[in-house]
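*Asks:* Pasting in a structure now, in structure tokens, and then I'll have a few things to ask.
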2 protein chains.
Amino acid sequence: MNKQKLVEQIRTKRSFLCVGLDTDLKKVPQCMLSEEDPIFAFNKAIIDATASYCIAYKPNLAFYECFGVKGWVAFEKTINYLRKNYPEQFIIADAKRGDIGNTSAMYARAFFEDLDVDALTVAPYMGEDSVTPFLNYKDKWVVLLALTSNKGSHDFQLTTDENGKRLFEEVLDKSQKWANDEQMMYVVGATQGKLFADIRKHVPNHFLLVPGVGAQGGSLEEVCKYGMTSDCGLIVNSSRGIIYADSTTNFAEAAGKAAKALQEEMATLLLAHKV
Amino acid sequence: MNKQKLVEQIRTKRSFLCVGLDTDLKKVPQCMLSEEDPIFAFNKAIIDATASYCIAYKPNLAFYECFGVKGWVAFEKTINYLRKNYPEQFIIADAKRGDIGNTSAMYARAFFEDLDVDALTVAPYMGEDSVTPFLNYKDKWVVLLALTSNKGSHDFQLTTDENGKRLFEEVLDKSQKWANDEQMMYVVGATQGKLFADIRKHVPNHFLLVPGVGAQGGSLEEVCKYGMTSDCGLIVNSSRGIIYADSTTNFAEAAGKAAKALQEEMATLLLAHKV
């Protein structure tokens, strides 16, 4: 999906919500466990209940890999279900990959050819040749880790170099030489608050994928205040707050309600920021 | 596997060779493609031919993921085959994972409980809480990226902070607060030459996993000169130079020969360094 279509979808749906499909069998309602493929059955119910309120889905690969082959089957079925029934949705495989060139090329093939997702999260530590193989696909995106939502983001991302530049700023600056805002987004955690203003000095037009609203405690209002652009420029993810909103047979309806509540808050914020 | 057993194996076999199972169907001999599971069949033949000369195997997850479910089946079969037939081998899943705590915990479960590999490569960018979930397993190892073998390693890993410390040094220093040399190793590319001396100032006793010998051009002699410890302290990986040594029906024998040649070079180096 190209940037224009993504922005159009945001304007039409009045939403920049991404639903994180971090599907954990220990947390899905008991009633789903008798299904033949409980992970996929749960995802399907969640997707059907939330698709009107969001513009993107982000399955987190760890939650599928931990079930080995069965998990991969459920992951592929989820992607195929989305592609067939909700082709307008932007699909982000949250895999945080990144390796030497020939290996990254294999990951790119896996996610962009065989699976046809729109975007993949990538870790920047290994530098340019670990990222560029993902950029050989038209209308596919790299979502590069910049400033993450977790406590450990302070360990290295905020270290300051000899010129006073922090590592996440170096990542933002250097990576812009590899791709423009039509192929690159950045992960910036909602918990980073005012640092969004600093981020926007480096990447005024890029989309930011923002985890950390909800269970991790980030403020949607603050994210928009410092991070929103005239094209919105934000995809805000919520996982646990939506998909585990209720643990009874009513889970899908509750997920829909939680997604709707966030969408309504987003519609207000889009209006306030004149998007 | 604990450190003592790993060192014992190195001393007994006079080898610190790791064979990288970067199995690419585009490169495996034509004769294997008619097998029901060509990836596993190729791996099995390579393992049987090389196991006497190496102490570790390192399947690279990208090469399996790119075949989706089929790839995962082949990966699991490879691990199970190794565990059953060569239980003394140290198995490293080269996956370069790392995510927020609850997600890293899922990856840890996948690789250390369900699959029972010995070690997993992990990217440090997200900091402490992305690494520590992997450390909750006795005798399992994190192999943290420090200074990689690729050109892109210069982009961020070699940037210098305000105190003159390079990022890879900061990674080495900080991560030692999370685990000692019984649970943590570091990836240092063979192409980094004399920087091994700098690495050893920070981690005098840790094992280093060293890719980049062979196809990538690193020198084994130089790696040993600057990186070897009294316990060896090195696991040197070769992938393409061994597994694609020959592309005919003779591939397994050729792989065995290539592994044997490296092992003999290693035996000489171990002797020279009095290990």
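FYI, nothing fancy with the structure tokens labels: chains A, B, ... in order, residues from 1 per chain, ligands from 1 as they appear.
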Can you tell me which residues surround segment 71-85 of chain B at a distance of at most 8 Å, considering only C-alpha atoms, apart from same-chain residues fewer than 4 positions away, and format the answer as a CSV table (one decimal) with all heavy atoms, in the first residue's frame?

*Replies:*
```csv
chain,number,residue,atom,x,y,z
A,68,GLY,N,5.4,-22.8,17.2
A,68,GLY,CA,6.1,-23.6,16.1
A,68,GLY,C,5.3,-23.6,14.9
A,68,GLY,O,4.7,-22.6,14.4
A,69,VAL,N,5.2,-24.8,14.3
A,69,VAL,CA,4.5,-25.0,13.0
A,69,VAL,C,3.0,-24.5,13.1
A,69,VAL,O,2.5,-23.8,12.2
A,69,VAL,CB,4.6,-26.4,12.5
A,69,VAL,CG1,3.7,-26.7,11.3
A,69,VAL,CG2,6.1,-26.8,12.2
A,72,TRP,N,2.7,-20.8,12.9
A,72,TRP,CA,2.9,-20.3,11.6
A,72,TRP,C,1.7,-20.5,10.7
A,72,TRP,O,1.4,-19.7,9.9
A,72,TRP,CB,4.2,-20.9,10.9
A,72,TRP,CG,5.3,-20.0,11.1
A,72,TRP,CD1,6.2,-20.0,12.2
A,72,TRP,CD2,5.7,-18.9,10.3
A,72,TRP,NE1,7.1,-19.0,12.0
A,72,TRP,CE2,6.9,-18.3,10.9
A,72,TRP,CE3,5.3,-18.3,9.1
A,72,TRP,CZ2,7.5,-17.2,10.4
A,72,TRP,CZ3,5.9,-17.2,8.6
A,72,TRP,CH2,7.0,-16.6,9.2
B,37,ASP,N,11.3,-33.6,1.8
B,37,ASP,CA,11.6,-32.3,2.6
B,37,ASP,C,13.1,-32.0,2.2
B,37,ASP,O,14.0,-32.4,3.0
B,37,ASP,CB,11.4,-32.6,4.1
B,37,ASP,CG,11.6,-31.3,4.9
B,37,ASP,OD1,12.3,-30.4,4.3
B,37,ASP,OD2,11.2,-31.2,6.0
B,39,ILE,N,15.0,-29.4,2.4
B,39,ILE,CA,15.8,-28.6,3.3
B,39,ILE,C,16.3,-29.6,4.4
B,39,ILE,O,17.5,-29.6,4.7
B,39,ILE,CB,15.0,-27.5,4.0
B,39,ILE,CG1,14.5,-26.5,2.9
B,39,ILE,CG2,15.8,-26.7,5.0
B,39,ILE,CD1,13.5,-25.4,3.5
B,40,PHE,N,15.4,-30.4,5.0
B,40,PHE,CA,15.9,-31.3,6.1
B,40,PHE,C,16.8,-32.3,5.5
B,40,PHE,O,17.8,-32.7,6.1
B,40,PHE,CB,14.6,-31.9,6.7
B,40,PHE,CG,15.1,-33.0,7.7
B,40,PHE,CD1,15.8,-32.6,8.9
B,40,PHE,CD2,14.8,-34.3,7.5
B,40,PHE,CE1,16.2,-33.6,9.8
B,40,PHE,CE2,15.2,-35.3,8.4
B,40,PHE,CZ,15.9,-34.9,9.5
B,43,ASN,N,20.2,-30.8,5.2
B,43,ASN,CA,20.8,-30.5,6.5
B,43,ASN,C,21.3,-31.8,7.1
B,43,ASN,O,22.4,-31.9,7.7
B,43,ASN,CB,19.7,-29.9,7.4
B,43,ASN,CG,19.5,-28.5,7.2
B,43,ASN,OD1,20.2,-27.9,6.3
B,43,ASN,ND2,18.5,-27.9,7.8
B,44,LYS,N,20.5,-32.9,7.0
B,44,LYS,CA,20.8,-34.2,7.6
B,44,LYS,C,22.1,-34.7,7.0
B,44,LYS,O,23.0,-35.1,7.7
B,44,LYS,CB,19.7,-35.2,7.3
B,44,LYS,CG,19.8,-36.5,7.9
B,44,LYS,CD,18.6,-37.3,7.7
B,44,LYS,CE,18.7,-38.8,8.1
B,44,LYS,NZ,19.8,-39.5,7.3
B,47,ILE,N,25.0,-32.5,8.2
B,47,ILE,CA,25.3,-32.7,9.6
B,47,ILE,C,26.1,-34.1,9.8
B,47,ILE,O,27.1,-34.1,10.4
B,47,ILE,CB,24.0,-32.8,10.5
B,47,ILE,CG1,23.4,-31.4,10.6
B,47,ILE,CG2,24.2,-33.4,11.9
B,47,ILE,CD1,21.9,-31.4,11.1
B,59,PRO,N,21.6,-22.9,12.7
B,59,PRO,CA,20.6,-22.6,11.7
B,59,PRO,C,20.2,-21.2,11.7
B,59,PRO,O,20.0,-20.6,12.8
B,59,PRO,CB,19.5,-23.6,12.0
B,59,PRO,CG,19.7,-24.0,13.4
B,59,PRO,CD,21.1,-23.8,13.8
B,61,LEU,N,17.5,-18.6,11.0
B,61,LEU,CA,16.0,-18.7,10.9
B,61,LEU,C,15.5,-18.1,9.6
B,61,LEU,O,14.4,-18.6,9.1
B,61,LEU,CB,15.4,-18.0,12.1
B,61,LEU,CG,15.0,-18.9,13.3
B,61,LEU,CD1,13.8,-19.7,13.0
B,61,LEU,CD2,16.2,-19.8,13.7
B,63,PHE,N,16.3,-18.4,6.7
B,63,PHE,CA,16.3,-19.4,5.6
B,63,PHE,C,15.2,-20.4,5.7
B,63,PHE,O,14.9,-21.1,4.8
B,63,PHE,CB,17.7,-20.0,5.5
B,63,PHE,CG,18.8,-19.1,5.0
B,63,PHE,CD1,19.3,-18.1,5.8
B,63,PHE,CD2,19.2,-19.2,3.6
B,63,PHE,CE1,20.3,-17.3,5.3
B,63,PHE,CE2,20.2,-18.3,3.2
B,63,PHE,CZ,20.7,-17.3,4.0
B,64,TYR,N,14.7,-20.5,6.9
B,64,TYR,CA,13.5,-21.4,7.1
B,64,TYR,C,12.2,-20.7,7.0
B,64,TYR,O,11.3,-21.1,6.4
B,64,TYR,CB,13.7,-22.1,8.5
B,64,TYR,CG,15.0,-22.9,8.5
B,64,TYR,CD1,16.2,-22.3,8.8
B,64,TYR,CD2,15.1,-24.2,8.1
B,64,TYR,CE1,17.4,-22.9,8.8
B,64,TYR,CE2,16.3,-24.9,8.0
B,64,TYR,CZ,17.5,-24.3,8.4
B,64,TYR,OH,18.6,-24.9,8.3
B,65,GLU,N,12.2,-19.5,7.7
B,65,GLU,CA,11.0,-18.7,7.6
B,65,GLU,C,10.5,-18.3,6.2
B,65,GLU,O,9.3,-18.2,6.0
B,65,GLU,CB,11.2,-17.4,8.4
B,65,GLU,CG,11.0,-17.5,9.9
B,65,GLU,CD,11.0,-16.2,10.6
B,65,GLU,OE1,10.7,-15.1,10.0
B,65,GLU,OE2,11.4,-16.2,11.7
B,66,CYS,N,11.5,-18.2,5.3
B,66,CYS,CA,11.1,-17.8,4.0
B,66,CYS,C,10.3,-18.9,3.3
B,66,CYS,O,9.8,-18.6,2.2
B,66,CYS,CB,12.3,-17.3,3.2
B,66,CYS,SG,13.3,-18.6,2.5
B,67,PHE,N,10.3,-20.1,3.8
B,67,PHE,CA,9.4,-21.1,3.3
B,67,PHE,C,8.1,-21.3,4.1
B,67,PHE,O,7.5,-22.4,4.0
B,67,PHE,CB,10.2,-22.4,3.1
B,67,PHE,CG,11.2,-22.3,2.0
B,67,PHE,CD1,12.6,-22.1,2.4
B,67,PHE,CD2,10.9,-22.2,0.7
B,67,PHE,CE1,13.5,-22.0,1.4
B,67,PHE,CE2,11.8,-22.0,-0.3
B,67,PHE,CZ,13.2,-21.9,0.1
B,89,GLN,N,26.4,-31.6,20.5
B,89,GLN,CA,26.5,-30.4,19.7
B,89,GLN,C,25.8,-29.2,20.4
B,89,GLN,O,24.7,-29.4,20.9
B,89,GLN,CB,26.0,-30.6,18.3
B,89,GLN,CG,26.8,-31.5,17.4
B,89,GLN,CD,28.1,-31.0,16.9
B,89,GLN,OE1,28.4,-29.7,17.0
B,89,GLN,NE2,29.0,-31.8,16.5
B,91,ILE,N,23.7,-26.0,20.0
B,91,ILE,CA,22.9,-25.5,18.9
B,91,ILE,C,22.5,-24.0,19.1
B,91,ILE,O,21.9,-23.6,20.1
B,91,ILE,CB,21.6,-26.3,18.8
B,91,ILE,CG1,21.9,-27.8,18.7
B,91,ILE,CG2,20.7,-25.9,17.6
B,91,ILE,CD1,20.6,-28.7,18.7
B,115,LEU,N,11.7,-25.9,21.6
B,115,LEU,CA,12.7,-26.4,20.6
B,115,LEU,C,14.0,-26.9,21.3
B,115,LEU,O,14.7,-27.6,20.6
B,115,LEU,CB,13.0,-25.3,19.6
B,115,LEU,CG,12.0,-25.1,18.5
B,115,LEU,CD1,12.2,-23.8,17.8
B,115,LEU,CD2,12.1,-26.3,17.5
B,117,VAL,N,16.9,-25.5,21.9
B,117,VAL,CA,18.3,-25.1,21.4
B,117,VAL,C,19.1,-24.6,22.6
B,117,VAL,O,18.5,-24.3,23.7
B,117,VAL,CB,18.2,-24.0,20.3
B,117,VAL,CG1,17.3,-24.5,19.1
B,117,VAL,CG2,17.7,-22.7,20.8
```

*Asks:* Select residues of chain B: the criterion is any atom within 6 Å of an atom of chain A, counting only C-alpha atoms; output as a list in words.

*Replies:*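 For chain B, the answer reads Ala62, Cys66, Val69, Trp72, Met106, Tyr107, Ala110, Met126, Gly127, Glu128, Asp129, Gly152, Ser153, Asp155, Thr160, Asp161 and Glu162 of chain B.
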
*Asks:* Tell me, as a list in words, which residues lie within 9 Å of segment 258-266 of chain A, counting only C-alpha atoms; anything in the same chain fewer than 3 positions away does not count.

*Replies:*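 The residues satisfying every condition are Lys13, Arg14, Ser15, Phe16, Leu17, Val19, Ala49, Thr50, Ala51, Ser52, Tyr53, Cys54, Leu220, Glu221, Ser238, Gly241, Ile242, Ile243, Ala245, Glu253, Ala254, Ala255, Leu269, Leu270 and Leu271 of chain A.
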
*Asks:* Residues at most 7 Å from Lys140 of chain B, counting only C-alpha atoms, excluding those fewer than 5 positions away in the same chain, as an mmCIF file with all heavy atoms, in the first residue's frame?

*Replies:*
```
data_model
loop_
_atom_site.group_PDB
_atom_site.id
_atom_site.type_symbol
_atom_site.label_atom_id
_atom_site.label_comp_id
_atom_site.auth_asym_id
_atom_site.auth_seq_id
_atom_site.Cartn_x
_atom_site.Cartn_y
_atom_site.Cartn_z
ATOM 1 N N MET B 1 23.437 -26.330 27.537
ATOM 2 C CA MET B 1 24.810 -26.768 27.801
ATOM 3 C C MET B 1 25.553 -25.694 28.595
ATOM 4 O O MET B 1 25.443 -24.507 28.269
ATOM 5 C CB MET B 1 25.534 -27.001 26.460
ATOM 6 C CG MET B 1 26.908 -27.651 26.613
ATOM 7 S SD MET B 1 27.758 -27.843 25.021
ATOM 8 C CE MET B 1 26.652 -28.925 24.144
ATOM 9 N N ASP B 118 20.381 -24.435 22.410
ATOM 10 C CA ASP B 118 21.227 -23.991 23.528
ATOM 11 C C ASP B 118 21.344 -22.481 23.615
ATOM 12 O O ASP B 118 21.580 -21.937 24.685
ATOM 13 C CB ASP B 118 22.645 -24.576 23.371
ATOM 14 C CG ASP B 118 22.657 -26.076 23.515
ATOM 15 O OD1 ASP B 118 22.396 -26.539 24.639
ATOM 16 O OD2 ASP B 118 22.888 -26.769 22.519
ATOM 17 N N ALA B 119 21.239 -21.835 22.465
ATOM 18 C CA ALA B 119 21.523 -20.397 22.448
ATOM 19 C C ALA B 119 20.719 -19.707 21.356
ATOM 20 O O ALA B 119 20.318 -20.330 20.365
ATOM 21 C CB ALA B 119 23.015 -20.176 22.200
ATOM 22 N N GLN B 183 26.293 -17.348 30.696
ATOM 23 C CA GLN B 183 24.987 -17.278 30.025
ATOM 24 C C GLN B 183 24.976 -16.322 28.845
ATOM 25 O O GLN B 183 23.993 -16.236 28.111
ATOM 26 C CB GLN B 183 23.920 -16.815 31.039
ATOM 27 C CG GLN B 183 23.249 -17.957 31.757
ATOM 28 C CD GLN B 183 21.855 -17.569 32.194
ATOM 29 O OE1 GLN B 183 21.692 -16.726 33.070
ATOM 30 N NE2 GLN B 183 20.834 -18.154 31.583
#
```

*Asks:* Hey, can you check how far atom CA of Thr191 of chain A sits from atom CA of Val210 of chain A?

*Replies:*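 Those two atoms sit 9.1 Å apart.
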
*Asks:* Quick one: pick out all strand (DSSP E) residues within segment 64-211 of chain A from a backbone DSSP run and write them as a count of residues only.

*Replies:* 27

*Asks:* Provide the atom CA of Pro204 of chain A to atom CA of Thr229 of chain A distance in Å, to one decimal place.

*Replies:*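 Going from atom CA of Pro204 of chain A over to atom CA of Thr229 of chain A, I get 7.5 Å.
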
*Asks:* Expressed in Å to a single decimal, how great is the separation between atom CA of Leu209 of chain B and atom CA of Leu144 of chain B?

*Replies:*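 According to the coordinates, atom CA of Leu209 of chain B and atom CA of Leu144 of chain B are separated by 9.2 Å.
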
*Asks:* May I have the residues within 10 Å of Ser247 of chain A as an MDAnalysis selection string, using only C-alpha atoms and disregarding those fewer than 6 positions away in the same chain?

*Replies:* chainID A and resid 27:31 254

*Asks:* Determine, counting only C-alpha atoms, which protein, DNA and RNA residues have an atom within 12 Å of an atom of Lys194 of chain B; residues of the same chain fewer than 6 positions away are not included. Present the result as a list in words.

*Replies:*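 Once the adjacent positions are removed, what remains is Val188, Arg200, Gly218, Ser219, Leu220, Glu221, Glu222, Val223, Cys224, Lys225, Tyr226 and Gly227 of chain B.
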
*Asks:* Take the residues from that selection and write them out as a compact mmCIF listing (two decimals), in the first residue's frame, keeping N, CA, C and O atoms.

*Replies:*
```
# COMPACT_ATOMS: atom_id res chain seq x y z
N VAL B 188 30.84 -11.20 17.30
CA VAL B 188 31.86 -10.28 16.79
C VAL B 188 32.32 -10.82 15.43
O VAL B 188 32.81 -11.96 15.35
N ARG B 200 38.35 -7.74 23.75
CA ARG B 200 38.85 -8.53 24.89
C ARG B 200 39.16 -7.67 26.11
O ARG B 200 39.19 -8.19 27.23
N GLY B 218 36.89 -12.82 6.49
CA GLY B 218 37.65 -12.65 7.73
C GLY B 218 38.79 -13.66 7.86
O GLY B 218 38.72 -14.73 7.27
N SER B 219 39.82 -13.30 8.61
CA SER B 219 40.98 -14.19 8.78
C SER B 219 40.93 -14.93 10.11
O SER B 219 40.90 -14.32 11.18
N LEU B 220 40.93 -16.26 10.04
CA LEU B 220 40.87 -17.09 11.24
C LEU B 220 42.10 -16.85 12.13
O LEU B 220 41.98 -16.77 13.36
N GLU B 221 43.24 -16.71 11.49
CA GLU B 221 44.48 -16.53 12.26
C GLU B 221 44.44 -15.22 13.06
O GLU B 221 44.82 -15.18 14.23
N GLU B 222 43.97 -14.18 12.41
CA GLU B 222 43.89 -12.87 13.09
C GLU B 222 42.86 -12.91 14.24
O GLU B 222 43.12 -12.38 15.33
N VAL B 223 41.73 -13.55 13.98
CA VAL B 223 40.71 -13.70 15.04
C VAL B 223 41.31 -14.36 16.27
O VAL B 223 41.11 -13.91 17.40
N CYS B 224 42.10 -15.43 16.05
CA CYS B 224 42.70 -16.15 17.18
C CYS B 224 43.79 -15.33 17.86
O CYS B 224 43.90 -15.33 19.08
N LYS B 225 44.57 -14.63 17.05
CA LYS B 225 45.67 -13.82 17.60
C LYS B 225 45.13 -12.82 18.62
O LYS B 225 45.68 -12.64 19.69
N TYR B 226 44.03 -12.15 18.26
CA TYR B 226 43.51 -11.10 19.14
C TYR B 226 42.35 -11.54 20.04
O TYR B 226 42.02 -10.85 20.99
N GLY B 227 41.72 -12.69 19.70
CA GLY B 227 40.48 -13.02 20.41
C GLY B 227 40.51 -14.26 21.26
O GLY B 227 39.63 -14.45 22.10
```

*Asks:* Fewer than 4 positions away in the same chain doesn't count, so skip those; otherwise give me all residues within 8 Å of Cys232 of chain B, counting only C-alpha atoms, as a PyMOL selection string.

*Replies:* chain B and resi 7+10+16+207+228+270+275

*Asks:* Going by DSSP on the backbone, which residues of segment 28-163 of chain A come out as helix (DSSP H, G or I)? List them as a PyMOL selection string.

*Replies:* chain A and resi 30-32+38-50+62-65+68-85+101-114+128-136+153-156
